[in-house]
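Below is one structure, written out as structure tokens; comments come after it.
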Amino acid sequence: MTDAIATRRPQRADARRNYDALLAAARDVFAERGADASLEEIAKRAGVGIGTLYRNFPARQDLFEAVYVDEINQLAAAAEAAAALPAWEALRAWLQRFVAYAVTKRAIIDVLNRDSEMFRACRVVMYTAGEPLMIRAQQAGEVRADVSFDDVLRLVSGLTSASFVDDAQRDRVLHIALDGIRAVR
């Protein structure tokens, strides 16, 4: 099992639902409006009051970090879920989830402390989750041997900086880019 980053999640079921709803709403609102998005809009979209938001995230920075850690934990879970797939499909499925992570990261990267222990721990979890999928795909002869995991992450991250007409176009462009790392048969 991939190591996830521990978070300070509430114990009561209703409080956990609110917490999870706030994270999901914040991720969406930040992706749509950037890091300066209204906390009131996040609370409203989560279906909770602003007091509930502040009870869970006393400072705006706490919310940014929680969203980022949650994205990393979802990447780790996606790697575990994809591990049962054939090598190429597993890597491709994980990279599709990585695209969603990269969109969120791009929206809040400027407000995260890239030198923090949290940020370094997130990087370790991300690599621990995804790199074995890449290595397995290379060992299966599905991915070029001259491509590193870091190369692939940079390739996919670069795609997220472009504007797309819709999600289908983004997915097509991702598949075109991933064809570039396929081993020639």
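In the structure tokens, each chain is lettered A, B, ... as it comes, each chain's residues begin at 1, and ligands are numbered from 1 in order of appearance.
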Polymer residues at most 7 Å from Leu133 of chain A, only C-alpha atoms, same-chain spacing of 4 or more positions, as a ChimeraX atom specification: /A:87,90-91,137
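What separates atom CA of Leu39 of chain A from atom CA of Phe64 of chain A is a distance of 11.1 Å.
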Contacts of Gly180 of chain A within 10 Å, only C-alpha atoms, excl. fewer than 5 positions in-chain, as a PyMOL selection string: chain A and resi 143-144+147+152+175
Would you put the residues from that selection into a file with N, CA and C atoms, as a PDB file, in the first residue's frame?
```pdb
ATOM      1  N   VAL A 143       6.801   1.104 -22.536  1.00  0.00           N
ATOM      2  CA  VAL A 143       7.307   2.479 -22.481  1.00  0.00           C
ATOM      3  C   VAL A 143       8.784   2.470 -22.839  1.00  0.00           C
ATOM      4  N   ARG A 144       9.192   3.479 -23.594  1.00  0.00           N
ATOM      5  CA  ARG A 144      10.591   3.612 -24.001  1.00  0.00           C
ATOM      6  C   ARG A 144      11.515   3.559 -22.795  1.00  0.00           C
ATOM      7  N   VAL A 147      13.164   7.040 -21.292  1.00  0.00           N
ATOM      8  CA  VAL A 147      12.276   8.036 -20.690  1.00  0.00           C
ATOM      9  C   VAL A 147      12.271   7.835 -19.176  1.00  0.00           C
ATOM     10  N   VAL A 152       8.223  12.186 -17.861  1.00  0.00           N
ATOM     11  CA  VAL A 152       6.789  11.997 -18.138  1.00  0.00           C
ATOM     12  C   VAL A 152       5.955  12.984 -17.315  1.00  0.00           C
ATOM     13  N   HIS A 175      -3.409  11.747 -24.829  1.00  0.00           N
ATOM     14  CA  HIS A 175      -3.148  10.464 -25.494  1.00  0.00           C
ATOM     15  C   HIS A 175      -2.118  10.612 -26.609  1.00  0.00           C
TER      16      HIS A 175
END
```
Shell around Asp62 of chain A at 12 Å using only C-alpha atoms, local window under 4 positions removed, as a PyMOL selection string: chain A and resi 7-8+23+26+53-58+66-69+111-113+118
DSSP helix (DSSP H, G or I) selection over segment 16-172 of chain A, as an NGL selection string: :A and (16-33 or 39-46 or 50-56 or 60-82 or 87-111 or 117-139 or 149-160 or 167-172)
Spatial neighbours of Ala145 of chain A, 8 Å, only C-alpha atoms, chain gap at least 3 places, as a PyMOL selection string: chain A and resi 138+148+183
Pull N, CA and C atoms from the residues just selected and write them as an mmCIF file, in the first residue's frame.
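Final output, saved to result07.cif:
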```
data_model
loop_
_atom_site.group_PDB
_atom_site.id
_atom_site.type_symbol
_atom_site.label_atom_id
_atom_site.label_comp_id
_atom_site.auth_asym_id
_atom_site.auth_seq_id
_atom_site.Cartn_x
_atom_site.Cartn_y
_atom_site.Cartn_z
ATOM 1 N N GLN A 138 7.740 0.035 -18.408
ATOM 2 C CA GLN A 138 9.009 -0.100 -19.124
ATOM 3 C C GLN A 138 9.450 -1.562 -19.161
ATOM 4 N N SER A 148 12.446 8.920 -18.439
ATOM 5 C CA SER A 148 12.382 8.830 -16.974
ATOM 6 C C SER A 148 10.988 9.221 -16.486
ATOM 7 N N ALA A 183 6.941 2.480 -26.360
ATOM 8 C CA ALA A 183 8.053 1.749 -26.988
ATOM 9 C C ALA A 183 7.644 1.370 -28.407
#
```
Val29 of chain A: which residues within 9 Å, counting only C-alpha atoms, same-chain residues fewer than 4 positions away excluded, as a PDB file with N, CA and C atoms, in the first residue's frame?
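Contents of the output file selection-v2.pdb:
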```pdb
ATOM      1  N   ALA A  24     -13.463  19.265  -1.537  1.00  0.00           N
ATOM      2  CA  ALA A  24     -13.910  19.124  -2.929  1.00  0.00           C
ATOM      3  C   ALA A  24     -14.313  20.480  -3.506  1.00  0.00           C
ATOM      4  N   ALA A  25     -15.050  21.255  -2.735  1.00  0.00           N
ATOM      5  CA  ALA A  25     -15.472  22.576  -3.212  1.00  0.00           C
ATOM      6  C   ALA A  25     -14.267  23.490  -3.404  1.00  0.00           C
ATOM      7  N   ARG A  33     -11.153  29.690 -10.213  1.00  0.00           N
ATOM      8  CA  ARG A  33     -10.945  31.110  -9.931  1.00  0.00           C
ATOM      9  C   ARG A  33      -9.549  31.464  -9.407  1.00  0.00           C
ATOM     10  N   GLY A  34      -8.733  30.452  -9.120  1.00  0.00           N
ATOM     11  CA  GLY A  34      -7.401  30.718  -8.604  1.00  0.00           C
ATOM     12  C   GLY A  34      -7.376  30.806  -7.093  1.00  0.00           C
ATOM     13  N   ALA A  35      -6.184  31.046  -6.569  1.00  0.00           N
ATOM     14  CA  ALA A  35      -5.961  31.043  -5.122  1.00  0.00           C
ATOM     15  C   ALA A  35      -6.662  32.183  -4.398  1.00  0.00           C
ATOM     16  N   ALA A  37      -9.711  32.970  -4.724  1.00  0.00           N
ATOM     17  CA  ALA A  37     -11.149  32.691  -4.710  1.00  0.00           C
ATOM     18  C   ALA A  37     -11.743  32.962  -3.332  1.00  0.00           C
ATOM     19  N   SER A  38     -13.004  33.296  -3.326  1.00  0.00           N
ATOM     20  CA  SER A  38     -13.726  33.627  -2.105  1.00  0.00           C
ATOM     21  C   SER A  38     -13.950  32.391  -1.233  1.00  0.00           C
ATOM     22  N   GLU A  41     -17.599  31.566  -1.105  1.00  0.00           N
ATOM     23  CA  GLU A  41     -18.076  30.756  -2.233  1.00  0.00           C
ATOM     24  C   GLU A  41     -17.762  29.280  -1.997  1.00  0.00           C
ATOM     25  N   ILE A  42     -16.598  28.999  -1.442  1.00  0.00           N
ATOM     26  CA  ILE A  42     -16.221  27.611  -1.158  1.00  0.00           C
ATOM     27  C   ILE A  42     -17.191  27.012  -0.148  1.00  0.00           C
ATOM     28  N   ARG A  45     -20.592  26.464  -1.791  1.00  0.00           N
ATOM     29  CA  ARG A  45     -20.584  25.329  -2.716  1.00  0.00           C
ATOM     30  C   ARG A  45     -20.519  24.005  -1.957  1.00  0.00           C
TER      31      ARG A  45
END
```
Pick from A:Glu71, A:Glu65, A:Glu117, A:Glu80, whichever lies nearest to Gly130 of chain A using only C-alpha atoms: A:Glu80
Shell of 12 Å around Arg154 of chain A, only C-alpha atoms, local chain residues under 2 positions omitted, as a ChimeraX atom specification: /A:95,98-99,102,147-152,156-161,177-178
Export of the given selection (N, CA and C atoms) as a compact mmCIF listing (two decimals), in the first residue's frame:
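This is the output file selection_38.txt:
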```txt
# COMPACT_ATOMS: atom_id res chain seq x y z
N LEU A 95 -1.81 8.60 -14.94
CA LEU A 95 -1.47 9.89 -15.53
C LEU A 95 -2.71 10.73 -15.82
N PHE A 98 -3.31 12.26 -12.68
CA PHE A 98 -2.27 13.25 -12.47
C PHE A 98 -2.64 14.58 -13.12
N VAL A 99 -3.31 14.53 -14.26
CA VAL A 99 -3.75 15.76 -14.94
C VAL A 99 -4.66 16.56 -14.03
N ALA A 102 -2.59 18.16 -11.40
CA ALA A 102 -1.78 19.26 -11.92
C ALA A 102 -2.60 20.54 -12.11
N VAL A 147 13.16 7.04 -21.29
CA VAL A 147 12.28 8.04 -20.69
C VAL A 147 12.27 7.83 -19.18
N SER A 148 12.45 8.92 -18.44
CA SER A 148 12.38 8.83 -16.97
C SER A 148 10.99 9.22 -16.49
N PHE A 149 10.69 8.84 -15.27
CA PHE A 149 9.42 9.21 -14.67
C PHE A 149 9.30 10.73 -14.59
N ASP A 150 10.38 11.39 -14.23
CA ASP A 150 10.37 12.85 -14.16
C ASP A 150 10.08 13.46 -15.53
N ASP A 151 10.63 12.86 -16.61
CA ASP A 151 10.34 13.34 -17.96
C ASP A 151 8.83 13.30 -18.24
N VAL A 152 8.22 12.19 -17.86
CA VAL A 152 6.79 12.00 -18.14
C VAL A 152 5.96 12.98 -17.31
N VAL A 156 3.42 15.76 -18.99
CA VAL A 156 2.00 15.85 -18.66
C VAL A 156 1.68 17.17 -17.96
N SER A 157 2.57 17.61 -17.08
CA SER A 157 2.36 18.90 -16.41
C SER A 157 2.30 20.04 -17.43
N GLY A 158 3.15 19.97 -18.42
CA GLY A 158 3.15 21.00 -19.46
C GLY A 158 1.82 21.08 -20.19
N LEU A 159 1.20 19.94 -20.39
CA LEU A 159 -0.10 19.92 -21.07
C LEU A 159 -1.16 20.68 -20.28
N THR A 160 -1.04 20.63 -18.96
CA THR A 160 -2.08 21.26 -18.14
C THR A 160 -2.02 22.78 -18.18
N SER A 161 -0.92 23.33 -18.68
CA SER A 161 -0.83 24.79 -18.75
C SER A 161 -1.54 25.35 -19.98
N ALA A 177 0.32 12.83 -26.63
CA ALA A 177 1.61 12.99 -25.94
C ALA A 177 2.10 11.65 -25.39
N LEU A 178 1.20 10.87 -24.82
CA LEU A 178 1.62 9.59 -24.26
C LEU A 178 2.06 8.61 -25.35
```
d(atom CA of Ala162 of chain A, atom CA of Val103 of chain A) in Å: 10.3 Å
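A straight line drawn from atom CA of Arg136 of chain A to atom CA of Ala93 of chain A is 13.7 Å long.
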